[in-house]
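Working notes for the structure below.
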Number of protein chains: 2
Amino acid sequence: MVRWLTDDEQRTWRAFGPVMRLLTHRLDRDLRSAAGMPITYYELLVMLSEAPARTLRMSELAQYTDSSPSRISHAVGKLEESGWVRREHCAGDRRGWLAILTDDGLAALKAAAPTHVESVRAHLIDLLTPRQIRQLGEISEALMAHLSPDSETATEP
Amino acid sequence: MVRWLTDDEQRTWRAFGPVMRLLTHRLDRDLRSAAGMPITYYELLVMLSEAPARTLRMSELAQYTDSSPSRISHAVGKLEESGWVRREHCAGDRRGWLAILTDDGLAALKAAAPTHVESVRAHLIDLLTPRQIRQLGEISEALMAHLSPDSETATEP
DNA sequence: CCTCAATAGTTGAGCGCTGAAACATCACGA
DNA sequence: TCGTGATGTTTCAGCGCTCAACTATTGAGG
């Protein structure tokens, strides 16, 4: 008793699936060549840059970016090697570490931002009408409402 | 002279970016746990299953899935180890190889399909109104028109 | 023929991610 | 005070991908 996709649904999914893959890939490529960092690291730097004192605990960084502690540990290690982030012991909890965006990190971020915005425009925003941009926003927010909490399984109610 | 995003554009992008990441991740997770294969391999099997004689040349497989020869070579190697695909020499061109979906591969695909469809429904289709599904289809096709040929650079005209 | 560029595919090193195991520290109840 | 389970982070092995060689075959021109 599988509810297969209708023609309309199929048509949408067959276009949207590849779009997700190709778009992600293009944005990553552009950012790597312009800023020497993968888009996933860029997002970590953005998150830190918007935090108070450009500082977040490892676990907060993991939570806000919806990623595992393991990933954050590796990624912050790499960003530290690049000099864009430094670690500091967390006052009052000796288990914890703070990730702090350095001045170099902020500079790298500011240098990368214009290229990234142009990339987002070229491959997404400028290709859509204002109406479609609004529609995509509403669609995305509807999906986020489901995706962002923690619905772990696909089929369970 | 950077054309930063307007509020509407920003709002859409700030929701849509995470949606792409989360949705891809969820679908991959569901498929891995249900079928023991990453979604990227699933797509290769689908492509083969729809080809005449369930057969494609390596280079065709690379072209249709928009991926590098290297990736296909590695991936088909893995799929071969799983017994889902076999290689055969290409008649008439001794450089070439054919990738052929085996009966086991087809069976694995058919076993995985229902779960995958349910997953696509649960995380995407069933969350949208028919109107939004049509809108997302149109948006995706507009983006594909730009992404699918070969616009290599972000900013060049 | 013979050369030589173009084409088809493979290989190996390195990257970012994952999941599981390990380790350290905290917090709370006996 | 002392476990004892929960919490925060790191480490390790393994996966799929990319890029840059590298090998092998084809095909067109001299």
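Ordering of the structure tokens sets the chain letters (A, B, ...); residue numbers start at 1 within each chain; ligands are numbered from 1 in the order shown.
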If we count only C-alpha atoms (C1' of nucleotides) and set the cut-off at 9 Å, which residues sit around Thr24 of chain B, ignoring sequence neighbours fewer than 5 positions away in its own chain? Please answer as a list in words.
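Listing them by chain and then by number gives Gly17, Met20 and Arg21 of chain A; Val19, Arg29 and Ile39 of chain B.
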Using only C-alpha atoms (C1' of nucleotides), which chain B residues lie at most 12 Å away from chain C, written as a ChimeraX atom specification?
/B:25,29,57-60,62,68-74,76-77,89-90,93-98
Quick one: pull the distance between atom CA of Asp103 of chain A and atom CA of Glu81 of chain A, Å, one decimal.
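It comes out at 14.2 Å.
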Neighbouring residues of Val85 of chain B were defined as those with any atom within 6 Å, considering only C-alpha atoms (C1' of nucleotides); residues of the same chain fewer than 4 positions away were excluded. Please report them as a PyMOL selection string.
chain B and resi 79-80+100-102
In Å to one decimal, how far is atom CA of Glu118 of chain B from atom CA of Leu147 of chain B?
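Straight-line distance from atom CA of Leu147 of chain B to atom CA of Glu118 of chain B works out to 27.5 Å.
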Interface, chain B side, toward chain A (7 Å; only C-alpha atoms) as a VMD selection string:
chain B and resid 2 4 8 to 9 11 to 12 15 to 16 19 to 20 22 30 114 117 to 119 122 124 127 132 to 134 136 to 137 139 to 141 143 to 144 147 154 to 155
Write out as a Markdown table the residues of chain D that have any atom within 9 Å of an atom of chain A, one row each with the nearest atom pair and its distance in Å to one decimal, counting only C-alpha atoms (C1' of nucleotides), sorted by chain and then rising number.
```
| residue | atom | partner | partner_atom | distance |
| --- | --- | --- | --- | --- |
| D:DT7 | C1' | A:Arg95 | CA | 8.7 |
| D:DG8 | C1' | A:Arg95 | CA | 5.5 |
| D:DT9 | C1' | A:Arg95 | CA | 7.2 |
| D:DT10 | C1' | A:Ser73 | CA | 7.1 |
```
Gap from atom CA of Gly105 of chain A to atom CA of Ser33 of chain A - Å, one decimal
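Going from atom CA of Gly105 of chain A over to atom CA of Ser33 of chain A, I get 17.1 Å.
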Looking only at the backbone, which of the residues in segment 3-136 of chain A does DSSP tag as alpha helix (DSSP H), as a ChimeraX atom specification?
/A:7-35,39-49,58-64,69-81,103-123,130-136
Looking only at strand (DSSP E or B) from DSSP on the backbone, list the matching residues of chain A as a PyMOL selection string.
chain A and resi 55-57+85-89+97-101
Any idea what's packed within 12 Å of Ser49 of chain B, counting only C-alpha atoms (C1' of nucleotides), ignoring anything in its chain fewer than 5 positions away? Could you give it as a ChimeraX atom specification?
/B:42-44,54-56,61,84-85,99-110
Store the residues picked out above, limited to N, CA and C atoms, as a PDB file, in the first residue's frame.
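File written: part-v5.pdb
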```
ATOM      1  N   TYR B  42      21.639   5.185  -4.745  1.00  0.00           N
ATOM      2  CA  TYR B  42      20.271   4.914  -5.158  1.00  0.00           C
ATOM      3  C   TYR B  42      19.974   5.571  -6.499  1.00  0.00           C
ATOM      4  N   GLU B  43      20.418   6.806  -6.658  1.00  0.00           N
ATOM      5  CA  GLU B  43      20.161   7.527  -7.901  1.00  0.00           C
ATOM      6  C   GLU B  43      20.871   6.880  -9.093  1.00  0.00           C
ATOM      7  N   LEU B  44      22.050   6.348  -8.838  1.00  0.00           N
ATOM      8  CA  LEU B  44      22.745   5.622  -9.913  1.00  0.00           C
ATOM      9  C   LEU B  44      21.943   4.392 -10.330  1.00  0.00           C
ATOM     10  N   ARG B  54      18.993  -2.090 -19.000  1.00  0.00           N
ATOM     11  CA  ARG B  54      19.559  -1.757 -17.673  1.00  0.00           C
ATOM     12  C   ARG B  54      21.065  -1.535 -17.747  1.00  0.00           C
ATOM     13  N   THR B  55      21.486  -0.917 -18.837  1.00  0.00           N
ATOM     14  CA  THR B  55      22.910  -0.789 -19.135  1.00  0.00           C
ATOM     15  C   THR B  55      23.264   0.625 -19.579  1.00  0.00           C
ATOM     16  N   LEU B  56      24.359   1.130 -19.034  1.00  0.00           N
ATOM     17  CA  LEU B  56      24.889   2.407 -19.508  1.00  0.00           C
ATOM     18  C   LEU B  56      26.416   2.354 -19.516  1.00  0.00           C
ATOM     19  N   LEU B  61      26.753   7.404 -17.715  1.00  0.00           N
ATOM     20  CA  LEU B  61      26.335   7.460 -16.316  1.00  0.00           C
ATOM     21  C   LEU B  61      26.877   8.723 -15.651  1.00  0.00           C
ATOM     22  N   TRP B  84      25.299  -5.439  -6.996  1.00  0.00           N
ATOM     23  CA  TRP B  84      24.142  -4.755  -7.577  1.00  0.00           C
ATOM     24  C   TRP B  84      24.388  -4.330  -9.023  1.00  0.00           C
ATOM     25  N   VAL B  85      25.641  -4.238  -9.382  1.00  0.00           N
ATOM     26  CA  VAL B  85      26.029  -3.819 -10.728  1.00  0.00           C
ATOM     27  C   VAL B  85      27.189  -4.699 -11.153  1.00  0.00           C
ATOM     28  N   ALA B  99      28.251  -0.423 -17.453  1.00  0.00           N
ATOM     29  CA  ALA B  99      27.746  -0.743 -16.119  1.00  0.00           C
ATOM     30  C   ALA B  99      26.345  -1.326 -16.302  1.00  0.00           C
ATOM     31  N   ILE B 100      26.126  -2.519 -15.750  1.00  0.00           N
ATOM     32  CA  ILE B 100      24.857  -3.222 -15.939  1.00  0.00           C
ATOM     33  C   ILE B 100      24.228  -3.507 -14.587  1.00  0.00           C
ATOM     34  N   LEU B 101      22.962  -3.114 -14.439  1.00  0.00           N
ATOM     35  CA  LEU B 101      22.227  -3.397 -13.208  1.00  0.00           C
ATOM     36  C   LEU B 101      21.898  -4.886 -13.146  1.00  0.00           C
ATOM     37  N   THR B 102      22.327  -5.541 -12.094  1.00  0.00           N
ATOM     38  CA  THR B 102      22.056  -6.976 -11.955  1.00  0.00           C
ATOM     39  C   THR B 102      20.644  -7.208 -11.431  1.00  0.00           C
ATOM     40  N   ASP B 103      20.206  -8.473 -11.445  1.00  0.00           N
ATOM     41  CA  ASP B 103      18.896  -8.808 -10.872  1.00  0.00           C
ATOM     42  C   ASP B 103      18.862  -8.452  -9.386  1.00  0.00           C
ATOM     43  N   ASP B 104      19.951  -8.756  -8.705  1.00  0.00           N
ATOM     44  CA  ASP B 104      20.037  -8.378  -7.294  1.00  0.00           C
ATOM     45  C   ASP B 104      19.909  -6.867  -7.121  1.00  0.00           C
ATOM     46  N   GLY B 105      20.548  -6.133  -8.021  1.00  0.00           N
ATOM     47  CA  GLY B 105      20.481  -4.676  -7.955  1.00  0.00           C
ATOM     48  C   GLY B 105      19.067  -4.174  -8.147  1.00  0.00           C
ATOM     49  N   LEU B 106      18.381  -4.754  -9.111  1.00  0.00           N
ATOM     50  CA  LEU B 106      16.993  -4.357  -9.362  1.00  0.00           C
ATOM     51  C   LEU B 106      16.116  -4.688  -8.161  1.00  0.00           C
ATOM     52  N   ALA B 107      16.376  -5.864  -7.586  1.00  0.00           N
ATOM     53  CA  ALA B 107      15.613  -6.267  -6.407  1.00  0.00           C
ATOM     54  C   ALA B 107      15.851  -5.299  -5.250  1.00  0.00           C
ATOM     55  N   ALA B 108      17.102  -4.928  -5.043  1.00  0.00           N
ATOM     56  CA  ALA B 108      17.427  -3.976  -3.971  1.00  0.00           C
ATOM     57  C   ALA B 108      16.738  -2.644  -4.209  1.00  0.00           C
ATOM     58  N   LEU B 109      16.729  -2.237  -5.458  1.00  0.00           N
ATOM     59  CA  LEU B 109      16.076  -0.976  -5.820  1.00  0.00           C
ATOM     60  C   LEU B 109      14.583  -1.032  -5.532  1.00  0.00           C
ATOM     61  N   LYS B 110      13.953  -2.138  -5.947  1.00  0.00           N
ATOM     62  CA  LYS B 110      12.510  -2.265  -5.738  1.00  0.00           C
ATOM     63  C   LYS B 110      12.170  -2.363  -4.268  1.00  0.00           C
TER      64      LYS B 110
END
```
